Structure formats: structure tokens, C-alpha cells
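S.K.: Let me give you the structure first, and then I'll get to my questions.
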Amino acid sequence: MERPAFTDMAFLEVENVRRSFGGLVALDRVSFTVCRGQIKGLIGPNGAGKTTLFNMVSGLLAPEVGQIRFKDRTITGLKPFQIARLGISRTFQNPSLFLRMTVLENVMVGRHLRSRASFLSSSLRLPGQVREEQHIRAEAWRHLEPLGLAALADRPAGSLAFGQRRMVELARALATEPELLLLDEPASGLNTREKADLNQVIRRIRASGVTLLLVEHDMALVMDLADDIVVLHNGTPIAHGPPATIQNDPNVIQVYLGGEPDGIPPAGELNLKWTRPR
Amino acid sequence: MRFLQCNTPFATFAVLAVVTQLVLRAAGMEYCLTQLTMALYYALVVLGLCLVTGHAGQVSLGHAAFFAIGGYTSAFLTTHDFGPLPEPAWATGLKQARVLIEHSDLYGGTALSVSPWAAVVVALLLTFVVAHLIGYPALRLKGHYLAMATLGFGLIVSKIVVGTAQLGASDGITGVPEWPLGFGLTVSGRRTLRVENYYIACGLLLLTLVLLRNLIRSRVGRALQAIHDRETAANAMGINTAAYKLGAFVLSALLAALAGVFFTHYTGSISPSEAGALKSVRYLALAAAGGMASLWGVTAMSVILNYLSLRGFFGSYDNAVFGAILILIISLAPEGPLKPLGQWLRHGLNRNHHPRDETTGAPPGASDGAPRIH
């Protein structure tokens with residue numbers, strides 16, 4: 001697969017970020033950039049700090065040191081809803097749906113930041129609010145259908161299977177029309193077929209102009225999709241580059257396989273493991 | 001057709017209100033309308049709780065205090081003698097605008113008090129400010145901080161009310177004038193206006209139900225439900241969670257205060273018991289009994305139970321009954337007793353109308369065993 005070159009200025013910049021919980025340093029001296037239109041992979045063993053990093057970019061946690069900039073604007077210290085309004089949306093490692101609402105209503109919540117009806121206009125059903133509500137509904141449908149969720153629209157989200165929940169969460173995030181989408185382990189808990197569908201969906205999302213930051217444990221998927229990968233280990237980046245480079249990086253191999261540097265297996269063997277079977 | 005379907009409950013409510021009145025008249029029990037009217041005003045408070053607790057998931061234990069703020073502000077301003085006023089232009093202006101009106105006091109002299117319409121504006125503005133002061137710090141945090149803040153606030157308000165001589169201390173304020181609403185309607189406890197006032201209360205409740213129904217089925221209602229279900233995800237979807245929780249809380253406080261204003265003008269008095277923490281617990285118990293999030297369940301339960309309480313059915317165990325209701329609901333049927341009951345009834349009806357049961361001659365639902373409560 002031909003990978004486009006990304007030479008324009010940084011879209012998302014993470015600069016020298018540090019965060020600890022109690023005495024445990026979850027992230028330290030983390031810096032990287034994401035270019036517009038890229039799929040950036042973020043990998044690392046469990047506990048490497050990937051989700052902490054996601055939570056900082058989306059505003060759920062504040063970094064103790066360092067800065068995060070989005071489109072040349074500092075977003076550290078902003079609240080999650082403010083960051084969402086700037087065009088960053090996300091999914092969660094455990095699908096975090098509004099369980100008592102229907103699938104359609106969940107996706108309609110995704111249109112919240114693209115609509116504005118107030119307490120007053122909603123209770124009075126003013127004409128503008130009624131029109132906006134119709135628009136919200138139509139837009140929600142538009143995001144349900146490509147993910148194969150139309151048949152589930154009226155089901156309560158709490159009644160869905162795990163894989164379906166992931167898709168609804170993705171639809172909800174896309175309904176916000178983000179410029180940057182953070183996906184936290186979108187393939188975990190999915191079966192092989194669902195993973196193949198997910199691969200196609202992510203490609204379509206990128207093709208529509210959305211930049212993606214992807215945390216994923218499924219190496220085949222990351223290696224196939226990502227233009228560029230950051231490897232985190234114990235809270236710091238140990239490698240950064242295109243998939244081919246990462247696969248042959250001695251540090252990465254050591255971290256993942258736990259071998260000594262001189263015990264590195266030949267690169268070809270690893271490639272077999274890390275490439276999607278075609 | 002769709003319009004009819006959406007509005008069936010409202011039409012049912014209206015029909016039920018009229019039928020109740022006609023039946024009571026035919027039975028010669030029109031005196032019951034007085035307690036029914038009071039119960040309808042209390043239902044407004046519980047509907048406010050339905051929004052803030054049932055939909056936004058924030059527990060308030062201070063709604064009696066907002067009811068009291070509305071009632072006491074209005075009672076104080078309309079009974080207190082502000083005269084004789086100095087002569088400057090603003091004072092005459094206020095009189096000319098009928099913000100201040102002269103009326104005769106207890107001893108036959110003239111007193112200068114605030115007009116009921118001006119008083120209700122002041123009462124609602126005061127509630128608006130106080131609800132922000134209580135809600136703003138508590139609702140920026142996740143968790144049950146609002147319950148704690150409102151509990152403390154409710155206790156403070158009830159102590160202030162009992163301890164302030166100008167608010168009548170433990171006697172409360174009596175002699176609150178009637179409130180001419182315009183269009184020939186007057187909020188008043190006069191016997192001749194009993195039916196009229198019953199319909200005023202019904203109308204106010206119906207209007208509130210329509211507005212709340214609209215709100216719940218909108219972008220705002222979805223945002224509140226999202227906060228209730230998963231606050232973190234709601235925030236990440238661009239919902240200013242603190243602002244929405246505050247909005248719902250202030251709106252429900254305003255509803256409680258408005259109910260207090262109407263109630264006070266209707267009964268002509270307000271007493272410190274309306275401000276007590278036990279009243280707040282009662283409102284919460286009624287919301288729980290109605291299913292928290294269900295506008296119709298909450299309305300039905302709070303009108304019926306408050307009516308029974310006002311007619312003295314629970315005797316001196318009044319508050320204990322509402323406490324027991326709260327405990328039973330929360331431990332046995334967190335969604336309220338109406339929903340399981342409705343499902344059970346529907347289940348039973350479906351079985352009885354099942355054609356196969358009739359053709360086989362088997363007793364309805366013979367294969368199904370006892371009805372299950374879901």
C-alpha cells in the first residue's frame with residue numbers, strides 16, 4: 001500500500017507531557033505530532049500509558065507538565081466539551097453508550113455540539129427548534145446507515161451486543177463531525193469478520209478527511225492501517241516511525257517479545273505475525 | 001392523527017380533571033376540591049424533581065426550601081406595610097404602575113404593599129439567584145454533592161423562616177391577599193371560587209406537563225439523560241455538563257417557587273412546615289413513587305398521595321408514611337411501582353385476548369403459569 005507523505009504543519013502536537021497518579025508516573029516526556037489526514041497508531045504493552053494519553057488529549061485529565069496543541073491552539077486545561085467543540089471526538093476502551101437511550105438517540109447526542117436549541121426554545125417548541133430537531137434526526141440516520149446500524153435504530157443501547165456497541169459509539173463520535181478522531185482499542189472484543197469491517201470503516205473515515213489517532217493491540221490492524229506509529233513503553237516513547245521501521249526496531253522487539261537485544265528473531269518472522277493475512 | 005397520538009395523555013388528563021369535578025359535585029363532595037387543588041400545586045414541585053432527578057440524575061433534598069422561598073417572598077411582600085412612602089418620583093411611579101397597592105389592614109387602616117404580580121416576579125428572581133448560588137458550586141463536581149448542598153440549604157432556610165419575626169416565626173404569614181391573574185381569574189381560597197381555582201391549578205399543571213414533555217423530547221432532554229447515564233461520555237460529546245445540570249436544577253427550583261406562590265395565595269397563608277426537610281424528603285419520595293423519570297407517573301402519584309395526606313388519611317403517621325414509601329420504592333422497585341404494574345397488566349390482558357387459548361379451551365395462560373412481574 002502506498003502511503004502518502006505528510007509534510008504540512010502539525011495538526012496535533014503533544015509536547016513533553018508528563019502525568020502521574022500518586023507515586024506512579026504514567027507518562028513522562030512524551031512528545032509527538034500528528035499530521036492532518038494521517039492515521040497515527042499508538043501502541044505499547046498494557047500499562048504503557050496509551051489511555052492516559054488519550055484522556056489528556058480529550059481533556060478528561062490534565063497533564064502536570066507539557067502542552068498539547070490542536071491546530072496551533074493550546075488545548076491543555078480545556079474541558080472535554082470544549083475540546084470536543086474544537087473538533088476532537090473519541091471512543092472509549094469500554095464502549096460508553098447512554099444505555100437507557102435508543103441507538104438513534106445515542107447518535108443524536110453526537111449532534112449536540114452541532115445544534116443549539118436552548119431550554120426555552122425546546123420547551124416552547126419554537127419553529128426553529130422543530131426544524132433543528134428534524135435536522136438532528138436526519139443527520140443521525142446519515143451516520144447510522146453506513147455502519148450497518150439502521151436496523152438497530154430503535155433498540156435500547158443497553159440491549160446491544162459488544163461489537164454493536166462499539167459501532168454505535170463510533171457512529172456517535174462521527175456524528176460530531178470531528179476533524180480528529182481518537183479510537184481507543186476499537187478492535188478489542190471484535191471477531192475476525194467485525195475486525196475486517198472495522199478496517200474498511202476506518203479507511204472510509206480517513207478518506208472522508210478525518211485524521212485518526214488509534215490505540216490498538218491488534219498488530220495486524222495497526223500495521224495495515226497506520227501511516228505512522230508511536231510505541232510507548234512505561235510511559236515514554238521508545239520508537240516512532242512508519243510500520244516497516246517499527247517492526248524492525250530492536251527496542252520494540254525487545255519490549256514486545258521480552259528477549260535480550262542479541263536474541264532478536266529475524267525480521268521476516270515478525271512481519272508474518274504483524275501483517276494481515278490476505 | 002399523529003398529533004392526537006402524541007397528545008392523548010394530555011387530553012386524558014383534561015377529561016379526568018373535568019370528570020373528577022363533576023363527580024364530586026354530583027356526590028355533594030365539592031369541598032374535596034380544596035385539598036385536590038393543593039395537591040395539584042404540590043405536584044408541580046415533584047415534576048421539577050422529576051426533571052432534575054429522574055432525567056438529569058441529580059438528587060435535590062432542598063425543594064421544600066424553594067417552595068418556601070416562593071411562598072414566603074410573595075406572602076411577605078403582599079402583606080408587609082411599606083408605607084408611608086417618601087414622596088419622590090420613583091415612589092409615585094411604583095404606585096401608578098400598580099407595583100405598590102394600598103389595601104386595608106387588619107385594624108381598618110390603610111397599608112401599602114407590593115402587588116401579587118410584582119411579588120411573584122421578585123419571588124422568581126430571588127429563587128433564580130439562590131438556585132444558582134447553591135447549584136453552581138455543587139454541580140461542577142460529579143457525584144451526590146447537590147444532595148448534600150441542598151440538604152444543608154434546606155435546613156438553613158427552615159431555621160431562618162422559624163427564627164425571623166418579620167416572617168411570622170413559627171406561625172408563618174397569614175392574611176395573604178388573593179391574586180387577580182387577569183382574564184377574570186383569581187387565585188383565592190374563597191368558597192365561591194373553589195371550582196375556578198381547581199381549574200386554574202389543573203391548567204397550570206397541564207401547561208407545565210406540556211412544556212416539560214417538550215423539553216424532555218429535545219436536544220436538551222437528551223443531553224440531561226446522557227449526563228444521567230454517563231457523565232464522562234456526555235462531556236466528551238460536547239455537552240457542557242455543569243451548565244446543563246445547573247439549568248435543570250434552576251428550572252426545577254423555579255417550578256417549586258412558582259408552586260409556592262400559587263399555593264400561598266390560594267390558602268392565604270404559609271407556615272414554616274412548608275420549608276422543612278421532611279417536606280423535601282416527601283417530594284423525593286413522591287418522585288420515586290411515580291417512577292422518577294415518568295412525567296405521568298410522577299403527576300398521578302403525587303396528586304393522589306398528597307391528596308390522601310391532606311385529607312388526613314395517614315393520621316399522625318403522615319411523614320412516616322412518606323419515609324416508608326421512599327425506602328420501599330428504592331429497595332424493591334427502583335423504577336417505581338407503576339412500570340412493573342403496567343407491564344403486568346398488559347401481560348394479563350394479552351393473555352386473556354389470546355385466541356389460541358380460547359380455541360383450545362384451555363384456561364387463559366394455562367401453559368404460562370403465574371403472571372411474572374418483570
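Here, A, B, ... name the chains of the C-alpha cells in the order displayed, residue numbers run from 1 inside each chain, and ligands are numbered from 1 in the same displayed order.
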Counting only C-alpha atoms, which residues from chain B have an atom at most 6 Å from any atom of chain A, and could you show them as a list in words?

M.R.: Leu211, Asn214, Leu215, Ala226, Asp229, Asn235, Ala236, Met237, Gly238, Ile239 and Asn240 of chain B

S.K.: Got a sec: who's within 6 Å of region 232-239 of chain A, counting only C-alpha atoms, leaving out chain neighbours fewer than 2 positions off, as a ChimeraX atom specification?

M.R.: /A:26-28,30,44,48-49,230

S.K.: If DSSP is run on the backbone, what residues of region 29-96 of chain B are alpha helix (DSSP H)? A reply as a PyMOL selection string would be ideal.

M.R.: chain B and resi 32-49+63-79+89-96

S.K.: Smallest atom-to-atom distance to Cys35 (chain A): which of A:Arg73, A:Ile253, A:Phe11, A:Met223, using only C-alpha atoms?

M.R.: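 Looking at the shortest contact to Cys35 (chain A), the residue is A:Phe11.
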
S.K.: Suppose you want the space between CA of Ala165 (chain B) and CA of Thr150 (chain B); what is it in Å?

M.R.: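 Answer for the CA of Ala165 (chain B) to CA of Thr150 (chain B) separation: 24.3 Å.
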
S.K.: Neighbouring residues of Thr73 (chain B) were defined as those with any atom within 8 Å, considering only C-alpha atoms; residues of the same chain fewer than 6 positions away were excluded. Please report them as a VMD selection string.

M.R.: chain B and resid 119 to 120 122 to 123

S.K.: Keeping only N, CA and C atoms, write the selected residues as a compact mmCIF listing (two decimals), in the first residue's frame.

M.R.:
```txt
# COMPACT_ATOMS: atom_id res chain seq x y z
N ALA B 119 -44.89 40.79 43.21
CA ALA B 119 -44.30 39.90 44.21
C ALA B 119 -43.85 38.58 43.58
N VAL B 120 -44.64 38.07 42.65
CA VAL B 120 -44.25 36.80 42.04
C VAL B 120 -42.98 36.98 41.20
N VAL B 122 -40.57 39.12 41.87
CA VAL B 122 -39.46 39.18 42.83
C VAL B 122 -39.16 37.78 43.37
N ALA B 123 -40.20 37.01 43.68
CA ALA B 123 -40.01 35.66 44.23
C ALA B 123 -39.23 34.79 43.25
```

S.K.: To one decimal place in Å, what is the distance between CA of Val195 (chain B) and CA of Leu258 (chain B)?

M.R.: 20.5 Å

S.K.: Using only C-alpha atoms, find the one residue out of B:Trp179, B:Leu246, B:Leu255, B:Phe66 that sits nearest to Leu204 (chain B).

M.R.: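 That would be B:Leu255, the residue with the smallest distance to Leu204 (chain B).
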
S.K.: Which of these residues is nearest to Gly184 (chain B), using only C-alpha atoms: B:Ala65, B:Ala234, B:Ile200, B:Leu341?

M.R.: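 Among the listed residues, the smallest separation from Gly184 (chain B) belongs to B:Ile200.
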
S.K.: I want to know what sits within 7 Å of Val52 (chain B), based on only C-alpha atoms, with residues of the same chain fewer than 6 positions away left out; could you give that as a list in words?

M.R.: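 Within the cut-off, the hits are Gln58, Ala248, Phe249 and Ser252 of chain B.
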
S.K.: Could you give me, as a VMD selection string, each residue of region 141-301 of chain B that DSSP assigns to strand (DSSP E or B) when run on this structure's backbone?

M.R.: chain B and resid 173 to 174 179 to 182 185 to 187 269 to 270

S.K.: Contacts of Thr267 (chain B) at 10 Å or less, counting only C-alpha atoms, minus same-chain residues fewer than 5 places along, as a PyMOL selection string?

M.R.: chain B and resi 34+37-38+174-178+187-190+262

S.K.: Create the file for the chosen residues now, containing C-alpha atoms and written as a PDB file, in the first residue's frame.

M.R.:
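Dumped to result-v9.pdb:
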```pdb
ATOM      1  CA  THR B  34     -59.738  22.327  48.087  1.00  0.00           C
ATOM      2  CA  THR B  37     -56.122  21.925  44.326  1.00  0.00           C
ATOM      3  CA  MET B  38     -53.384  21.987  46.953  1.00  0.00           C
ATOM      4  CA  THR B 174     -51.400  34.719  57.273  1.00  0.00           C
ATOM      5  CA  GLY B 175     -53.803  37.067  55.559  1.00  0.00           C
ATOM      6  CA  VAL B 176     -52.106  36.772  52.177  1.00  0.00           C
ATOM      7  CA  PRO B 177     -54.379  38.573  49.686  1.00  0.00           C
ATOM      8  CA  GLU B 178     -55.926  36.908  46.687  1.00  0.00           C
ATOM      9  CA  VAL B 187     -56.218  32.730  42.793  1.00  0.00           C
ATOM     10  CA  SER B 188     -58.122  32.716  46.026  1.00  0.00           C
ATOM     11  CA  GLY B 189     -59.373  30.395  48.732  1.00  0.00           C
ATOM     12  CA  ARG B 190     -62.862  31.886  48.693  1.00  0.00           C
ATOM     13  CA  PHE B 262     -49.762  29.890  43.892  1.00  0.00           C
TER      14      PHE B 262
END
```

S.K.: So, with only C-alpha atoms as the atoms that count, which of A:Val231, A:Leu214, A:Val103, A:Ala138 lies closest to Ala171 (chain A)?

M.R.: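 Closest to Ala171 (chain A), using only C-alpha atoms: A:Val103.
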
S.K.: Could you give me, as JSON lines, every region 21-108 of chain B residue with an atom at most 7 Å from region 130-147 of chain B, plus its closest atom pair and distance in Å to one decimal, counting only C-alpha atoms, rows ordered by chain then number?

M.R.:
```
{"residue": "B:Gln58", "atom": "CA", "partner": "B:Leu146", "partner_atom": "CA", "distance": 6.7}
{"residue": "B:Val59", "atom": "CA", "partner": "B:Ala147", "partner_atom": "CA", "distance": 5.1}
{"residue": "B:Ser60", "atom": "CA", "partner": "B:Ala147", "partner_atom": "CA", "distance": 4.9}
{"residue": "B:Leu61", "atom": "CA", "partner": "B:Ala147", "partner_atom": "CA", "distance": 5.5}
```

S.K.: Could you dump the residues just selected with C-alpha atoms as an mmCIF file, in the first residue's frame?

M.R.:
```cif
data_model
loop_
_atom_site.group_PDB
_atom_site.id
_atom_site.type_symbol
_atom_site.label_atom_id
_atom_site.label_comp_id
_atom_site.auth_asym_id
_atom_site.auth_seq_id
_atom_site.Cartn_x
_atom_site.Cartn_y
_atom_site.Cartn_z
ATOM 1 C CA GLN B 58 -29.089 14.920 40.369
ATOM 2 C CA VAL B 59 -30.694 14.442 43.766
ATOM 3 C CA SER B 60 -32.102 17.526 45.471
ATOM 4 C CA LEU B 61 -33.138 17.456 49.120
#
```

S.K.: Show me, as number ranges by chain, the residues that have an atom within 10 Å of Gly297 (chain B) when counting only C-alpha atoms, minus same-chain residues fewer than 3 positions from it.

M.R.: B: 47, 50, 286-294, 300-302, 336-339

S.K.: Residues within 9 Å of Ile229 (chain A), please, as a list in words. Count only C-alpha atoms; anything in the same chain fewer than 4 positions from it doesn't count.

M.R.: Ile39, Lys40, Gly41, Leu42, Ile43, Val222, Met223, Ala239, His240, Gly241, Pro242, Pro243 and Ile246 of chain A
